[in-house]
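Peer 1: Handing you this structure, nothing more for now.
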Amino acid sequence: MLAICALSMFLVGLDTTIVNVGLPAIGRGLGVGTRSLEWVVDAYTVVLASLLISSGALADRFGRRRVFRCGLVVFGAASLACALAPSLGVLVAARAVQGIGASMLSPVALAIVVNAMPDPRERAQAIGIWGSVFGLSMAAGPVTGGALIAALGWRSVFWINAPVIVAALIMSAVFVPESRAPRARRLDPPGQILLTIVVCVSVGVLIEGPHIGWASPLAWAGYLIAAAAAVGFTAIERRSHEPLMDLALFRRPAFTTAVLAAVALFAALSLGLLLNTLYLQRTHGWAPLTAGIATLPMALGATVCAPLSGNLVGRFGARRPLLLAGAFITAGGLSLVGLRPDTSTRHLLLAYLLIGIGFGFANAPITNTAVSGLPQARAGVAGAITSTARQVGSAIGIALAGGLVAGVGPAGLAHASRPGWLLVAACGLFLLVVARAARPSAPTGKPA
């Protein structure tokens, strides 16, 4: 069951990053520039972030296995539409539908795992394995995408989802038990609409801000719409007896810091991956496959350290792995702040390894801190909130990276990306702050 749920997370994470390395090839194939290509990535992450909480609530209400399997079908159908897309508009729309399917996989799979493993130590170790797979998918996306594009073209990065979806559907029917919350919660359409507006408008302004001007009337309209929707969402959720997002969860300092840490972690990862892709392919002139292979140290660090992090969380609590995560990510980001067009490959690989190790150590303590100490009936929504934080962070990272290098030629990419690597280091420093607030140890038999 853990393997099946982890497989779904592999798909969600893979499709967040596999497209990054293919953006130049997609642009050439569809005849569009970098500015428009940002939406190929963020159409997926924005829709995914907007619907995760609703999908978690639907799973708690109607059955987690049922929603999980529906998500697989929607995700698979949208992947085929992406592979056949004749234009950028169709591709972006299909990516948005992919996000709908992915929203039914991420929090639901986590809720299935949490409900099946009530023992805190066993759950922490399972989340470590979970984090290993998810980290592998995020960091290995560029490698997989590069290989597929080199062999079969950019459309193959979407065709590859089909056999994985079929395998997951068959195995989930046999091995995944049905589970749901003891008491069904009401749906919250007004809350969902306002949350979607907040996320979509905020990310949209981040992406288009460098082009329309941060102080332009259109940008100010976006600020006001996002702020008004956020205020309205908060007011509705506070008055609702069964809100879409349980704001009371944020009264728990551990939960709030875990959510903020998830945003910072995935902003750093997505920012770094996109800057790396553009730098290696445009400045160094590397092929997609070669650029993807360069991220292998990142994938290796994330894969090896994630299960180790889960064991550390189970034995000692979240503080130690978070300290390690913050230190490695900060070191990796700082090592690239002085990036130049002729920076050596050895230096780049070392920096990617440091970031990958930090990412591997961070996922398990963040996820475990967020879901520990909560009733199992709230596992779907709690897992959805943290998954939303991840995707919001990813969307922010993509938007920031695109803003930094928009309109910059190959010779200027290294210099233009330096603030981005400084932001990666800042995210690592924030994890160190979160670590200081975390409990240093977890008593035996109690949640970490």
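Residue numbers start at 1 in each chain; chains themselves are named A, B, ... in the order of the structure tokens; ligands are numbered from 1 in the order shown.
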Quick one: residues within 7 Å of A:Leu274, only C-alpha atoms counted, chain neighbours fewer than 2 positions away excluded, as a ChimeraX atom specification?
Peer 2: /A:20,270-272,276-278,398,401
Peer 1: Just want the 10 Å neighbourhood of A:Leu148, counted on only C-alpha atoms, with same-chain residues fewer than 3 positions away dropped. Output as a PyMOL selection string.
Peer 2: chain A and resi 18+22+142-145+151-160+288-289
Peer 1: Could you pull out the alpha helix (DSSP H) residues of stretch 21-260 of chain A, going by DSSP on the backbone, and write them as an MDAnalysis selection string?
Peer 2: chainID A and resid 23:30 34:62 64:84 88:103 106:116 120:152 156:159 161:175 189:212 217:239 253:260
Peer 1: Name all residues at most 12 Å from A:Leu37 (count only C-alpha atoms; drop same-chain ones fewer than 6 positions away) and give them as a PDB file with N, CA and C atoms, in the first residue's frame.
Peer 2:
ATOM      1  N   VAL A  19       8.917  18.788 -16.772  1.00  0.00           N
ATOM      2  CA  VAL A  19       8.693  19.716 -17.877  1.00  0.00           C
ATOM      3  C   VAL A  19       9.773  20.799 -17.916  1.00  0.00           C
ATOM      4  N   ASN A  20      10.395  21.087 -16.766  1.00  0.00           N
ATOM      5  CA  ASN A  20      11.383  22.169 -16.721  1.00  0.00           C
ATOM      6  C   ASN A  20      12.468  22.019 -17.775  1.00  0.00           C
ATOM      7  N   VAL A  21      13.046  20.813 -17.826  1.00  0.00           N
ATOM      8  CA  VAL A  21      14.160  20.603 -18.752  1.00  0.00           C
ATOM      9  C   VAL A  21      13.691  20.620 -20.204  1.00  0.00           C
ATOM     10  N   GLY A  22      12.398  20.407 -20.409  1.00  0.00           N
ATOM     11  CA  GLY A  22      11.870  20.389 -21.768  1.00  0.00           C
ATOM     12  C   GLY A  22      11.345  21.727 -22.264  1.00  0.00           C
ATOM     13  N   LEU A  23      11.373  22.762 -21.421  1.00  0.00           N
ATOM     14  CA  LEU A  23      10.801  24.048 -21.826  1.00  0.00           C
ATOM     15  C   LEU A  23      11.431  24.612 -23.106  1.00  0.00           C
ATOM     16  N   PRO A  24      12.754  24.615 -23.233  1.00  0.00           N
ATOM     17  CA  PRO A  24      13.310  25.112 -24.498  1.00  0.00           C
ATOM     18  C   PRO A  24      12.818  24.319 -25.713  1.00  0.00           C
ATOM     19  N   ALA A  25      12.744  22.996 -25.581  1.00  0.00           N
ATOM     20  CA  ALA A  25      12.273  22.170 -26.702  1.00  0.00           C
ATOM     21  C   ALA A  25      10.794  22.423 -26.977  1.00  0.00           C
ATOM     22  N   ILE A  26       9.988  22.582 -25.931  1.00  0.00           N
ATOM     23  CA  ILE A  26       8.567  22.887 -26.113  1.00  0.00           C
ATOM     24  C   ILE A  26       8.410  24.235 -26.801  1.00  0.00           C
ATOM     25  N   GLY A  27       9.221  25.222 -26.370  1.00  0.00           N
ATOM     26  CA  GLY A  27       9.152  26.535 -26.991  1.00  0.00           C
ATOM     27  C   GLY A  27       9.468  26.488 -28.476  1.00  0.00           C
ATOM     28  N   ARG A  28      10.504  25.712 -28.833  1.00  0.00           N
ATOM     29  CA  ARG A  28      10.852  25.591 -30.254  1.00  0.00           C
ATOM     30  C   ARG A  28       9.755  24.863 -31.027  1.00  0.00           C
ATOM     31  N   GLY A  29       9.208  23.829 -30.408  1.00  0.00           N
ATOM     32  CA  GLY A  29       8.189  23.041 -31.101  1.00  0.00           C
ATOM     33  C   GLY A  29       6.890  23.801 -31.318  1.00  0.00           C
ATOM     34  N   LEU A  30       6.524  24.661 -30.372  1.00  0.00           N
ATOM     35  CA  LEU A  30       5.261  25.393 -30.470  1.00  0.00           C
ATOM     36  C   LEU A  30       5.451  26.844 -30.884  1.00  0.00           C
ATOM     37  N   GLY A  31       6.707  27.265 -31.039  1.00  0.00           N
ATOM     38  CA  GLY A  31       6.985  28.616 -31.496  1.00  0.00           C
ATOM     39  C   GLY A  31       6.647  29.711 -30.505  1.00  0.00           C
ATOM     40  N   ALA A  43       0.556  26.518 -14.687  1.00  0.00           N
ATOM     41  CA  ALA A  43      -0.846  26.126 -14.836  1.00  0.00           C
ATOM     42  C   ALA A  43      -1.114  24.850 -14.052  1.00  0.00           C
ATOM     43  N   SER A  87      -1.078  23.282 -29.750  1.00  0.00           N
ATOM     44  CA  SER A  87      -0.709  24.679 -29.526  1.00  0.00           C
ATOM     45  C   SER A  87      -0.436  24.902 -28.051  1.00  0.00           C
ATOM     46  N   LEU A  88       0.147  26.080 -27.735  1.00  0.00           N
ATOM     47  CA  LEU A  88       0.449  26.402 -26.350  1.00  0.00           C
ATOM     48  C   LEU A  88      -0.822  26.503 -25.508  1.00  0.00           C
ATOM     49  N   GLY A  89      -1.872  27.101 -26.047  1.00  0.00           N
ATOM     50  CA  GLY A  89      -3.108  27.242 -25.287  1.00  0.00           C
ATOM     51  C   GLY A  89      -3.687  25.903 -24.883  1.00  0.00           C
ATOM     52  N   LEU A  91      -2.017  23.091 -24.586  1.00  0.00           N
ATOM     53  CA  LEU A  91      -1.090  22.479 -23.636  1.00  0.00           C
ATOM     54  C   LEU A  91      -1.292  23.042 -22.226  1.00  0.00           C
ATOM     55  N   VAL A  92      -1.419  24.362 -22.110  1.00  0.00           N
ATOM     56  CA  VAL A  92      -1.622  24.976 -20.798  1.00  0.00           C
ATOM     57  C   VAL A  92      -2.943  24.505 -20.191  1.00  0.00           C
ATOM     58  N   ARG A  95      -2.529  20.986 -19.001  1.00  0.00           N
ATOM     59  CA  ARG A  95      -1.728  20.977 -17.770  1.00  0.00           C
ATOM     60  C   ARG A  95      -2.583  21.357 -16.577  1.00  0.00           C
ATOM     61  N   ILE A 207       4.137  36.149 -11.954  1.00  0.00           N
ATOM     62  CA  ILE A 207       4.653  35.785 -13.274  1.00  0.00           C
ATOM     63  C   ILE A 207       4.653  36.980 -14.222  1.00  0.00           C
ATOM     64  N   GLU A 208       3.568  37.741 -14.225  1.00  0.00           N
ATOM     65  CA  GLU A 208       3.430  38.826 -15.195  1.00  0.00           C
ATOM     66  C   GLU A 208       3.994  40.150 -14.697  1.00  0.00           C
ATOM     67  N   LEU A 274      14.743  25.458 -12.142  1.00  0.00           N
ATOM     68  CA  LEU A 274      14.500  26.194 -13.379  1.00  0.00           C
ATOM     69  C   LEU A 274      15.708  27.049 -13.752  1.00  0.00           C
ATOM     70  N   ILE A 398       8.920  29.084  -9.435  1.00  0.00           N
ATOM     71  CA  ILE A 398       8.915  29.188 -10.903  1.00  0.00           C
ATOM     72  C   ILE A 398       8.715  30.636 -11.326  1.00  0.00           C
ATOM     73  N   ALA A 399       7.768  31.326 -10.673  1.00  0.00           N
ATOM     74  CA  ALA A 399       7.492  32.716 -11.033  1.00  0.00           C
ATOM     75  C   ALA A 399       8.702  33.608 -10.775  1.00  0.00           C
ATOM     76  N   GLY A 402      11.417  32.883 -13.421  1.00  0.00           N
ATOM     77  CA  GLY A 402      11.070  33.478 -14.701  1.00  0.00           C
ATOM     78  C   GLY A 402      11.239  34.988 -14.705  1.00  0.00           C
ATOM     79  N   ALA A 406      13.809  36.856 -17.311  1.00  0.00           N
ATOM     80  CA  ALA A 406      12.989  37.262 -18.452  1.00  0.00           C
ATOM     81  C   ALA A 406      13.738  38.278 -19.319  1.00  0.00           C
TER      82      ALA A 406
END
Peer 1: For A:Leu269, which of A:Leu312, A:Leu429, A:Ile385, A:Ile355 is the closest residue, counting only C-alpha atoms?
Peer 2: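 Answer, going by the shortest atom-to-atom distance: A:Ile355.
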Peer 1: I'd like the contact shell of A:Ile396 - 12 Å cut-off, only C-alpha atoms, skipping same-chain residues fewer than 2 positions apart - returned as a VMD selection string.
Peer 2: chain A and resid 38 41 to 42 45 to 46 49 199 to 207 263 to 272 274 389 to 394 398 to 403 420 423
Peer 1: May I ask for the distance between atom CA of A:Thr234 and atom CA of A:Val108, given in Å to one decimal place?
Peer 2: 24.2 Å
Peer 1: Return the single residue from A:Pro177, A:Gly333, A:Gly301, A:Pro419 that is closest to A:Cys5, with distances computed using only C-alpha atoms.
Peer 2: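 Looking only at the distances to A:Cys5, the closest residue turns out to be A:Pro177.
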Peer 1: Counting only C-alpha atoms, which of A:Gln125, A:Ser172, A:Thr343, A:Ser50 gets nearest to A:Leu194?
Peer 2: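 So, comparing all the options, the nearest one is A:Ser50.
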Peer 1: Need the shell around A:Val433: protein/DNA/RNA residues with any atom at most 12 Å away, counting only C-alpha atoms. Skip same-chain ones fewer than 5 positions apart. Format as number ranges by chain?
Peer 2: A: 257-258, 260-261, 264, 319, 322-327, 426-428, 438
Peer 1: Find, counting only C-alpha atoms, the residue in A:Phe233, A:Gly360, A:Ala254, A:Ala96 that gets nearest to A:Arg436.
Peer 2: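 Selected residue with least distance to A:Arg436: A:Ala254.
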